[in-house]
file protein.txt (compact mmCIF, C-alpha atoms and all ligand atoms)
# COMPACT_ATOMS: atom_id res chain seq x y z
CA MET A 6 89.43 79.68 90.18
CA LYS A 7 87.52 81.06 93.20
CA ASN A 8 87.20 77.59 94.72
CA LYS A 9 90.86 76.85 94.10
CA ILE A 10 92.00 80.14 95.72
CA THR A 11 89.63 79.64 98.67
CA GLU A 12 91.12 76.18 99.18
CA ILE A 13 94.69 77.54 99.07
CA CYS A 14 93.83 80.22 101.68
CA LYS A 15 91.99 77.79 103.96
CA ASN A 16 94.84 75.30 103.76
CA ALA A 17 97.13 78.11 104.93
CA GLY A 18 94.95 78.45 108.04
CA PHE A 19 92.57 81.36 107.24
CA GLN A 20 89.08 80.64 108.56
CA LEU A 21 87.26 83.14 106.32
CA VAL A 22 87.94 83.94 102.66
CA LYS A 23 85.59 86.30 100.80
CA PHE A 24 85.68 88.04 97.43
CA THR A 25 84.55 91.54 96.45
CA LYS A 26 84.87 93.86 93.48
CA ALA A 27 87.75 96.34 93.65
CA GLU A 28 86.04 99.72 93.50
CA GLU A 29 86.76 103.23 94.68
CA LEU A 30 85.59 103.62 98.26
CA THR A 31 83.52 106.77 97.85
CA ILE A 32 81.30 106.76 100.97
CA GLU A 33 84.05 105.28 103.15
CA LYS A 34 86.41 108.03 101.97
CA LYS A 35 83.95 110.63 103.26
CA TYR A 36 83.74 108.85 106.64
CA LEU A 37 87.52 108.65 106.83
CA GLU A 38 87.97 112.32 105.92
CA SER A 39 85.44 113.53 108.45
CA TRP A 40 86.98 111.27 111.14
CA ILE A 41 90.32 112.94 110.51
CA GLU A 42 88.85 116.47 110.19
CA GLU A 43 87.24 116.02 113.61
CA GLY A 44 90.61 114.96 115.04
CA ARG A 45 89.32 111.50 116.03
CA ASN A 46 92.61 109.96 114.87
CA ALA A 47 94.41 111.68 117.82
CA ASP A 48 98.16 111.76 117.09
CA MET A 49 98.07 108.98 114.47
CA LYS A 50 99.26 111.41 111.79
CA TRP A 51 100.02 108.50 109.47
CA MET A 52 96.26 108.03 109.07
CA GLU A 53 96.19 111.43 107.32
CA LYS A 54 98.59 110.27 104.60
CA TYR A 55 97.79 108.37 101.39
CA ILE A 56 94.01 108.96 101.70
CA ASP A 57 93.70 108.42 97.91
CA LYS A 58 95.59 105.15 98.08
CA ARG A 59 93.57 103.99 101.10
CA THR A 60 90.35 104.50 99.19
CA ASN A 61 91.33 103.64 95.60
CA PRO A 62 92.52 100.07 95.01
CA SER A 63 93.81 100.87 91.50
CA LEU A 64 96.55 102.92 93.18
CA ILE A 65 97.56 99.73 95.03
CA LEU A 66 97.68 97.39 92.02
CA GLU A 67 97.44 98.32 88.36
CA ASN A 68 94.42 96.74 86.61
CA VAL A 69 93.10 95.47 89.93
CA LYS A 70 89.71 93.78 89.56
CA SER A 71 89.03 92.13 92.91
CA VAL A 72 89.88 92.13 96.58
CA ILE A 73 90.04 88.89 98.57
CA SER A 74 89.39 89.54 102.25
CA LEU A 75 90.79 87.07 104.78
CA ALA A 76 90.35 86.50 108.49
CA LEU A 77 92.68 84.63 110.82
CA LEU A 78 91.20 83.87 114.23
CA TYR A 79 93.40 84.61 117.27
CA ASP A 80 90.98 83.88 120.10
CA THR A 81 91.97 81.17 122.58
CA PRO A 82 89.92 79.53 125.38
CA VAL A 83 92.08 81.37 127.95
CA ILE A 84 90.16 84.06 129.86
CA HIS A 85 91.36 87.45 131.10
CA ARG A 86 92.59 87.55 134.68
CA GLU A 87 89.72 88.61 136.91
CA ASP A 88 91.77 89.97 139.83
CA GLU A 89 91.67 93.72 139.29
CA ASN A 90 95.02 94.08 141.06
CA LEU A 91 96.69 92.34 138.11
CA PRO A 92 97.49 94.12 134.83
CA LYS A 93 95.70 93.09 131.63
CA ILE A 94 96.95 92.81 128.05
CA SER A 95 94.66 92.57 125.04
CA ARG A 96 94.22 89.13 123.51
CA TYR A 97 95.73 89.96 120.16
CA ALA A 98 99.09 90.62 121.83
CA TRP A 99 99.31 87.48 123.99
CA GLY A 100 101.35 85.35 121.62
CA GLU A 101 105.07 85.02 121.15
CA ARG A 102 105.17 86.31 117.57
CA ASP A 103 103.79 89.44 115.96
CA TYR A 104 100.76 88.61 113.79
CA HIS A 105 102.10 90.77 110.94
CA LYS A 106 104.99 88.33 110.53
CA ILE A 107 102.81 85.22 110.79
CA ILE A 108 100.23 86.52 108.31
CA LYS A 109 102.71 88.04 105.83
CA SER A 110 104.56 84.77 105.51
CA LYS A 111 101.26 82.92 104.88
CA LEU A 112 100.16 85.55 102.31
CA LYS A 113 103.48 85.44 100.49
CA GLN A 114 103.15 81.70 100.08
CA ILE A 115 99.49 81.98 99.02
CA CYS A 116 100.22 84.69 96.40
CA ASN A 117 103.07 82.62 94.96
CA GLU A 118 100.67 79.70 94.58
CA ILE A 119 97.92 81.87 93.05
CA GLU A 120 100.30 83.42 90.51
CA LEU A 121 101.31 79.93 89.41
CA LEU A 122 97.68 79.18 88.47
CA SER A 123 97.92 81.39 85.36
CA PRO A 124 100.79 83.44 83.87
CA ASN A 125 98.67 86.66 83.70
CA ILE A 126 97.73 86.80 87.38
CA LYS A 127 99.21 89.59 89.48
CA THR A 128 98.62 89.95 93.22
CA LYS A 129 99.53 92.26 96.08
CA PHE A 130 98.84 91.55 99.73
CA TYR A 131 98.40 93.71 102.84
CA VAL A 132 97.86 93.17 106.51
CA ASP A 133 97.17 96.09 108.86
CA ASP A 134 100.18 98.30 108.28
CA GLY A 135 99.63 99.33 104.64
CA PRO A 136 97.57 102.27 103.24
CA VAL A 137 94.50 100.02 103.11
CA MET A 138 91.18 100.00 105.00
CA ASP A 139 91.08 96.38 106.12
CA LYS A 140 87.64 96.59 107.75
CA VAL A 141 85.99 98.17 104.73
CA TRP A 142 87.01 95.32 102.40
CA ALA A 143 85.87 92.77 104.98
CA VAL A 144 82.45 94.42 105.21
CA ARG A 145 82.08 94.82 101.45
CA SER A 146 82.94 91.16 100.87
CA GLY A 147 80.49 89.91 103.48
CA LEU A 148 83.20 88.51 105.75
CA GLY A 149 81.40 90.26 108.59
CA TRP A 150 79.47 93.40 109.44
CA MET A 151 80.78 96.62 110.99
CA GLY A 152 79.82 96.37 114.67
CA LYS A 153 78.80 99.36 116.76
CA ASN A 154 82.15 98.87 118.54
CA THR A 155 83.80 99.56 115.12
CA ASN A 156 85.18 96.02 114.81
CA VAL A 157 84.16 93.66 112.02
CA ILE A 158 82.07 90.80 113.39
CA ASN A 159 81.26 87.46 111.79
CA PRO A 160 78.09 85.73 113.06
CA GLU A 161 79.94 82.42 113.52
CA TYR A 162 83.43 83.56 114.60
CA GLY A 163 82.83 86.83 116.49
CA SER A 164 85.47 89.56 116.07
CA TYR A 165 88.70 88.16 117.53
CA PHE A 166 90.40 87.79 114.16
CA PHE A 167 93.01 89.65 112.15
CA LEU A 168 92.07 90.99 108.75
CA SER A 169 94.20 91.01 105.63
CA GLU A 170 93.60 91.17 101.90
CA ILE A 171 94.89 90.17 98.51
CA PHE A 172 94.44 92.58 95.59
CA ILE A 173 94.23 90.67 92.30
CA ASN A 174 93.82 91.49 88.59
CA ILE A 175 91.10 88.95 87.76
CA GLU A 176 87.33 88.93 88.19
CA PHE A 177 85.30 86.45 90.23
CA GLU A 178 81.73 85.79 91.20
CA TYR A 179 81.51 88.09 94.23
CA ASP A 180 80.19 87.50 97.74
CA GLU A 181 77.42 89.72 99.09
CA PRO A 182 77.70 91.95 102.19
CA ILE A 183 75.87 90.51 105.19
CA GLU A 184 73.26 91.95 107.51
CA ASP A 185 74.20 94.08 110.54
CA TYR A 186 73.27 91.85 113.49
CA CYS A 187 73.92 94.48 116.18
CA LYS A 188 70.23 95.36 115.97
CA ASN A 189 69.11 96.95 119.27
CA CYS A 190 72.19 95.89 121.26
CA ARG A 191 74.40 98.70 122.66
CA LEU A 192 76.42 96.70 125.19
CA CYS A 193 79.79 97.86 123.84
CA LEU A 194 78.83 101.55 124.06
CA ILE A 195 77.50 101.07 127.59
CA GLU A 196 80.57 99.14 128.83
CA CYS A 197 83.35 101.21 127.21
CA PRO A 198 84.77 102.86 130.34
CA THR A 199 86.04 106.05 128.69
CA GLY A 200 83.22 106.96 126.30
CA ALA A 201 85.51 106.36 123.31
CA LEU A 202 82.53 104.85 121.47
CA TYR A 203 80.83 108.24 121.48
CA ASP A 204 78.11 107.05 119.11
CA GLU A 205 77.12 103.85 117.32
CA TYR A 206 79.87 102.83 114.82
CA LYS A 207 81.99 105.79 115.90
CA LEU A 208 85.21 105.75 117.86
CA ASP A 209 87.29 108.66 119.14
CA ALA A 210 90.87 107.41 119.41
CA ASN A 211 91.71 110.24 121.86
CA LEU A 212 89.52 108.49 124.45
CA CYS A 213 90.35 104.89 123.56
CA ILE A 214 92.53 102.90 126.00
CA SER A 215 93.87 100.91 123.07
CA TYR A 216 95.15 104.08 121.37
CA GLN A 217 96.50 105.53 124.61
CA THR A 218 98.45 102.41 125.62
CA ILE A 219 99.74 101.41 122.17
CA GLU A 220 99.96 104.40 119.84
CA ASN A 221 100.28 107.47 122.07
CA ARG A 222 103.94 108.46 122.25
CA SER A 223 103.50 111.13 124.97
CA GLU A 224 101.73 111.38 128.33
CA ILE A 225 98.34 109.75 128.80
CA PRO A 226 95.77 112.38 129.88
CA ASN A 227 94.88 112.16 133.59
CA GLU A 228 91.17 111.89 132.92
CA ILE A 229 91.65 108.57 131.09
CA ASN A 230 91.54 105.69 133.55
CA LEU A 231 93.21 102.62 132.04
CA ASN A 232 91.07 100.26 134.14
CA GLY A 233 93.98 97.84 134.49
CA TRP A 234 94.82 97.66 130.76
CA ILE A 235 98.53 98.06 130.09
CA PHE A 236 98.55 97.20 126.37
CA GLY A 237 95.42 97.49 124.23
CA CYS A 238 91.89 96.95 125.52
CA ASP A 239 89.35 94.20 124.85
CA ILE A 240 86.32 95.45 126.81
CA CYS A 241 84.09 96.34 123.83
CA GLN A 242 84.76 92.89 122.34
CA GLU A 243 84.58 90.92 125.61
CA VAL A 244 81.02 92.15 126.19
CA CYS A 245 79.89 91.46 122.63
CA PRO A 246 77.47 88.49 122.55
CA TYR A 247 79.01 87.30 119.26
CA ASN A 248 82.31 86.61 121.04
CA SER A 249 80.92 83.83 123.21
CA LYS A 250 80.51 81.23 120.49
CA GLY A 251 83.41 79.07 121.74
CA VAL A 252 85.33 79.00 118.44
CA PHE A 253 89.07 79.24 118.95
CA THR A 254 92.30 79.34 116.99
CA ASP A 255 94.54 76.29 116.92
CA GLU A 256 97.57 78.48 116.14
CA LYS A 257 99.82 77.87 119.17
CA LEU A 258 101.69 81.14 118.51
CA PHE A 259 98.58 83.12 119.58
CA PHE A 260 98.27 81.40 122.97
CA PRO A 261 99.43 83.47 125.97
CA ARG A 262 103.04 83.23 127.01
CA GLU A 263 103.87 82.70 130.65
CA GLU A 264 105.28 86.23 131.13
CA LEU A 265 101.82 87.61 130.46
CA THR A 266 99.74 85.32 132.63
CA ASN A 267 101.48 85.15 135.98
CA LYS A 268 103.04 88.60 136.60
CA SER A 269 102.02 91.43 138.90
CA TYR A 270 102.50 95.18 138.33
CA ASP A 271 105.67 95.12 140.41
CA ASP A 272 107.09 92.12 138.54
CA LEU A 273 106.62 93.89 135.21
CA LEU A 274 107.78 97.29 136.49
CA ASN A 275 111.03 95.62 137.51
CA TYR A 276 111.88 94.72 133.90
CA THR A 277 114.94 96.58 132.68
CA GLU A 278 114.94 97.88 129.11
CA LYS A 279 117.18 94.93 128.16
CA LYS A 280 114.77 92.41 129.70
CA PHE A 281 111.81 94.15 128.03
CA ASP A 282 113.56 93.95 124.63
CA GLU A 283 114.53 90.32 125.14
CA THR A 284 111.07 89.29 126.34
CA PHE A 285 108.96 91.15 123.79
CA SER A 286 111.19 91.25 120.74
CA GLY A 287 109.17 90.14 117.68
CA THR A 288 105.81 90.51 119.52
CA PRO A 289 103.14 93.24 119.18
CA ILE A 290 104.05 94.61 122.64
CA LYS A 291 107.37 95.93 121.31
CA ARG A 292 105.32 98.69 119.54
CA THR A 293 104.79 100.66 122.74
CA LYS A 294 108.57 100.68 123.42
CA TYR A 295 110.05 100.41 126.90
CA SER A 296 109.13 104.01 127.81
CA GLY A 297 105.46 103.40 126.88
CA TRP A 298 105.44 100.08 128.75
CA ILE A 299 106.66 101.66 131.97
CA ARG A 300 104.32 104.68 131.51
CA ASN A 301 101.31 102.35 131.10
CA LEU A 302 102.25 100.16 134.07
CA LYS A 303 102.83 103.13 136.39
CA LYS A 304 99.58 104.81 135.42
CA ALA A 305 97.44 101.65 135.66
CA LYS A 306 99.03 100.78 139.02
CA SER A 307 98.43 104.28 140.39
CA GLU A 308 94.73 103.94 139.48
CA LEU A 309 94.19 100.78 141.57
CA LYS A 310 91.46 101.34 144.16
CA ASN A 311 93.54 100.04 147.07
CA ASN A 312 96.78 101.72 145.97
C1 LIG A 401 93.79 103.09 113.25
C2 LIG A 401 93.48 101.72 113.84
C3 LIG A 401 93.14 101.65 115.18
C4 LIG A 401 92.84 102.90 116.02
C5 LIG A 401 91.42 103.40 115.64
C6 LIG A 401 90.37 102.27 115.68
C7 LIG A 401 89.24 102.38 114.68
N1 LIG A 401 88.06 102.02 115.12
O1 LIG A 401 89.44 102.74 113.52
C8 LIG A 401 93.02 102.35 117.47
C9 LIG A 401 94.44 102.56 117.93
C10 LIG A 401 92.08 102.96 118.51
C11 LIG A 401 92.76 100.86 117.24
C12 LIG A 401 92.34 100.00 118.23
C13 LIG A 401 92.06 98.66 118.03
N2 LIG A 401 92.34 97.94 116.94
CO1 LIG A 401 92.95 98.74 115.27
N3 LIG A 401 93.38 99.37 113.57
C14 LIG A 401 93.53 100.55 113.02
C15 LIG A 401 93.83 100.48 111.52
C16 LIG A 401 95.32 100.66 111.32
C17 LIG A 401 93.06 101.49 110.65
C18 LIG A 401 91.53 101.57 110.93
C19 LIG A 401 90.91 102.75 110.23
O2 LIG A 401 91.05 102.92 109.02
N4 LIG A 401 90.23 103.62 110.98
C20 LIG A 401 89.65 104.83 110.42
C21 LIG A 401 88.16 104.95 110.68
C22 LIG A 401 87.55 106.02 109.76
O3 LIG A 401 87.60 103.75 110.37
P1 LIG A 401 86.38 103.09 111.10
O4 LIG A 401 86.20 103.26 112.54
O5 LIG A 401 86.45 101.73 110.60
O6 LIG A 401 85.23 103.97 110.45
C23 LIG A 401 84.21 103.41 109.76
C24 LIG A 401 82.94 103.40 110.57
O7 LIG A 401 83.03 104.30 111.64
C25 LIG A 401 81.94 103.75 109.53
N5 LIG A 401 81.12 104.87 109.86
C26 LIG A 401 81.47 106.14 110.06
N6 LIG A 401 80.41 106.88 110.27
C27 LIG A 401 79.34 106.05 110.15
C28 LIG A 401 78.00 106.30 110.27
C29 LIG A 401 77.13 105.24 110.10
C30 LIG A 401 75.67 105.50 110.22
C31 LIG A 401 77.60 103.93 109.83
C32 LIG A 401 76.67 102.78 109.66
C33 LIG A 401 78.99 103.70 109.73
C34 LIG A 401 79.82 104.78 109.90
O8 LIG A 401 82.60 104.10 108.33
C35 LIG A 401 83.93 104.32 108.57
C36 LIG A 401 84.68 103.92 107.31
O9 LIG A 401 84.32 102.63 106.91
C37 LIG A 401 93.35 99.01 111.20
C38 LIG A 401 94.18 98.29 110.12
C39 LIG A 401 93.89 98.79 108.72
N7 LIG A 401 94.92 99.04 107.95
O10 LIG A 401 92.74 98.95 108.35
C40 LIG A 401 93.46 98.29 112.56
C41 LIG A 401 92.31 97.30 112.97
C42 LIG A 401 91.00 97.98 112.70
N8 LIG A 401 92.49 97.15 114.39
C43 LIG A 401 92.24 95.97 114.82
C44 LIG A 401 92.25 95.60 116.19
C45 LIG A 401 92.30 94.12 116.51
C46 LIG A 401 92.19 96.59 117.18
C47 LIG A 401 91.91 96.39 118.68
C48 LIG A 401 90.87 95.31 118.96
C49 LIG A 401 93.24 96.08 119.42
C50 LIG A 401 93.10 96.01 120.95
N9 LIG A 401 92.62 94.89 121.49
O11 LIG A 401 93.41 96.93 121.64
C51 LIG A 401 91.40 97.80 119.08
C52 LIG A 401 89.87 97.91 118.92
C53 LIG A 401 89.31 99.26 119.28
C54 LIG A 401 87.98 99.51 118.59
N10 LIG A 401 86.89 99.49 119.35
O12 LIG A 401 87.95 99.68 117.36
C55 LIG A 401 91.84 95.01 113.69
C56 LIG A 401 90.31 94.80 113.72
C57 LIG A 401 89.85 93.40 113.33
C58 LIG A 401 88.35 93.33 113.29
N11 LIG A 401 87.79 92.19 113.62
O13 LIG A 401 87.66 94.27 112.96
C59 LIG A 401 92.38 95.80 112.44
C60 LIG A 401 91.56 95.63 111.15
C61 LIG A 401 93.84 95.31 112.22
C62 LIG A 401 93.89 94.00 111.45
N12 LIG A 401 94.45 94.02 110.24
O14 LIG A 401 93.40 92.99 111.88
N13 LIG A 401 92.98 100.53 115.95
S1 LIG A 402 89.01 99.35 123.11
FE1 LIG A 402 88.38 99.84 125.23
S2 LIG A 402 88.50 102.08 125.38
FE2 LIG A 402 88.61 101.54 123.18
S3 LIG A 402 86.50 101.66 122.48
FE3 LIG A 402 86.80 99.54 123.11
S4 LIG A 402 86.16 99.48 125.29
FE4 LIG A 402 86.42 101.62 124.72
S1 LIG A 403 78.22 94.50 121.79
FE1 LIG A 403 76.25 94.55 120.73
S2 LIG A 403 76.21 96.57 119.69
FE2 LIG A 403 78.33 96.18 120.30
S3 LIG A 403 79.24 95.26 118.51
FE3 LIG A 403 78.53 93.54 119.78
S4 LIG A 403 76.43 93.10 119.02
FE4 LIG A 403 77.02 95.11 118.22
call {"tool": "encode", "arguments": {"input": "protein.txt", "output": "structure tokens"}}
result
Amino acid sequence: MKNKITEICKNAGFQLVKFTKAEELTIEKKYLESWIEEGRNADMKWMEKYIDKRTNPSLILENVKSVISLALLYDTPVIHREDENLPKISRYAWGERDYHKIIKSKLKQICNEIELLSPNIKTKFYVDDGPVMDKVWAVRSGLGWMGKNTNVINPEYGSYFFLSEIFINIEFEYDEPIEDYCKNCRLCLIECPTGALYDEYKLDANLCISYQTIENRSEIPNEINLNGWIFGCDICQEVCPYNSKGVFTDEKLFFPREELTNKSYDDLLNYTEKKFDETFSGTPIKRTKYSGWIRNLKKAKSELKNN
């Protein structure tokens, strides 16, 4: 059954498919609670909800026995623009379709196929936006280790992948967690320009450019320099040695669209709300809304050295 399911998931395009026991996440719950108590979630109030569901898989699916953790690579051979006078967008948002849509349609198809294997099988799938800790299941199943930059890293594929999972009511032979290969490296902590990685494996969203440009719905504090990033930030992954393995996605929908590779600050600032909606409808960038887009562009432009 495990081999059959792995084959179904790989045929759907997922590079990594790992299995772990569905258990209550006791230690991870403590980490999550203290992260929230310390206010490290900034204004992401939704992270404070459904803590029990986030950390107890039986509240997700009745009689759940296992969690299948999946990774879909989004990295392409295209490199970030090096001219610091040009705005930068994080890799995960380069494509013309939102990954939630791409992955949900794959998972729906996969779960239909799995449920046909036996009449008693029940499944439930999640990607990113549910009350589920995607990284925790990936680490527990050995899909990767939790990097000091707080991203899950696989020794062969790096960390430029999306995580998702399938909760299922049958048992399998489980995969083992893997070693933490960060060892003595601290490159991500050293290179993070805002100090958001305030300690190893610990991120303060208040200081993170990714949070500020994507999730923050009000003003970005003056003391945070966006360093040219107008949507998300890839610095702590770009510097990670495990992201230079040269393994790339062949999903054309993740490759950068022209609008994001050849435009200056002024070009993008000239977009009207209508043009913004038309250009970014159905892509991750829509999340910041037009007001956030303009706010990010104006701030990043005002921080240019020669401005
Ligand atoms: C909230 C959120 C954010 C927040 C907070 C990020 C964070 N580090 O949690 C913000 C907006 C900043 C963010 C940014 C990004 N995100 Co985000 N985000 C999420 C989300 C929705 C929840 C994550 C969560 O639960 N955080 C809560 C805290 C408690 O979790 P944590 O940092 O993992 O904490 C653990 C460790 O710190 C550890 N820990 C704590 N103390 C200690 C002490 C010791 C000694 C040790 C060993 C460990 C340890 O235990 C904690 C619990 O396991 C997930 C999707 C999901 N549903 O899971 C995506 C997700 C994590 N994001 C993702 C991505 C791609 C990004 C960005 C790369 C996007 C971008 N380019 O801008 C950046 C990366 C920034 C970074 N360095 O992490 C991917 C990551 C894929 C991967 N390979 O890991 C996810 C999984 C989405 C997905 N489904 O693919 N994100
Ligand atoms: S995403 Fe950028 S700001 Fe956030 S922790 Fe990584 S390097 Fe720092
Ligand atoms: S840059 Fe170094 S310390 Fe940071 S996640 Fe990668 S290997 Fe780990």
call {"tool": "closest_residue", "arguments": {"input": "protein.txt", "among": "A:Gly149, A:Pro92, A:Pro261, A:Pro136", "to": "Ser164 in chain A", "atoms": "all atoms listed in the file"}}
result
A:Gly149
call {"tool": "residues_near_ligand", "arguments": {"input": "protein.txt", "ligand": "ligand LIG 403 (chain A)", "cutoff": "12 Å", "atoms": "all atoms listed in the file", "output": "PyMOL selection string"}}
result
chain A and resi 149-160+163-165+184-197+202+204-207+239-249
call {"tool": "closest_residue", "arguments": {"input": "protein.txt", "among": "A:Trp40, A:Trp99, A:Tyr55, A:Tyr203", "to": "ligand LIG 401 (chain A)", "atoms": "only C-alpha atoms and all ligand atoms"}}
result
A:Trp40
call {"tool": "residues_around", "arguments": {"input": "protein.txt", "residues": "Arg102 in chain A", "least_positions_apart": "6", "cutoff": "10 Å", "atoms": "all atoms listed in the file", "output": "PyMOL selection string"}}
result
chain A and resi 258-259+285-290
call {"tool": "residues_around", "arguments": {"input": "protein.txt", "residues": "Tyr216 in chain A", "least_positions_apart": "6", "cutoff": "12 Å", "atoms": "all atoms listed in the file", "output": "PyMOL selection string"}}
result
chain A and resi 45-49+199+201+208-210+222-223+225-226+229+231+234-239+292-293+297+301
call {"tool": "closest_residue", "arguments": {"input": "protein.txt", "among": "A:Tyr79, A:Trp51, A:Phe166, A:Phe260", "to": "ligand LIG 401 (chain A)", "atoms": "all atoms listed in the file"}}
result
A:Phe166
call {"tool": "residues_around", "arguments": {"input": "protein.txt", "residues": "range 18-22 of chain A", "least_positions_apart": "4", "cutoff": "7 Å", "atoms": "only C-alpha atoms", "output": "PyMOL selection string"}}
result
chain A and resi 11+14+73-78+148
call {"tool": "atom_distance", "arguments": {"input": "protein.txt", "atom1": "atom O4 of ligand LIG 401 (chain A)", "atom2": "CA of Ile94 in chain A"}}
result
21.6 Å
call {"tool": "atom_distance", "arguments": {"input": "protein.txt", "atom1": "CA of Ser146 in chain A", "atom2": "CA of Asp103 in chain A"}}
result
25.8 Å
call {"tool": "closest_residue", "arguments": {"input": "protein.txt", "among": "A:Ser215, A:Glu53, A:Ile173, A:Tyr97", "to": "ligand LIG 402 (chain A)", "atoms": "only C-alpha atoms and all ligand atoms"}}
result
A:Ser215
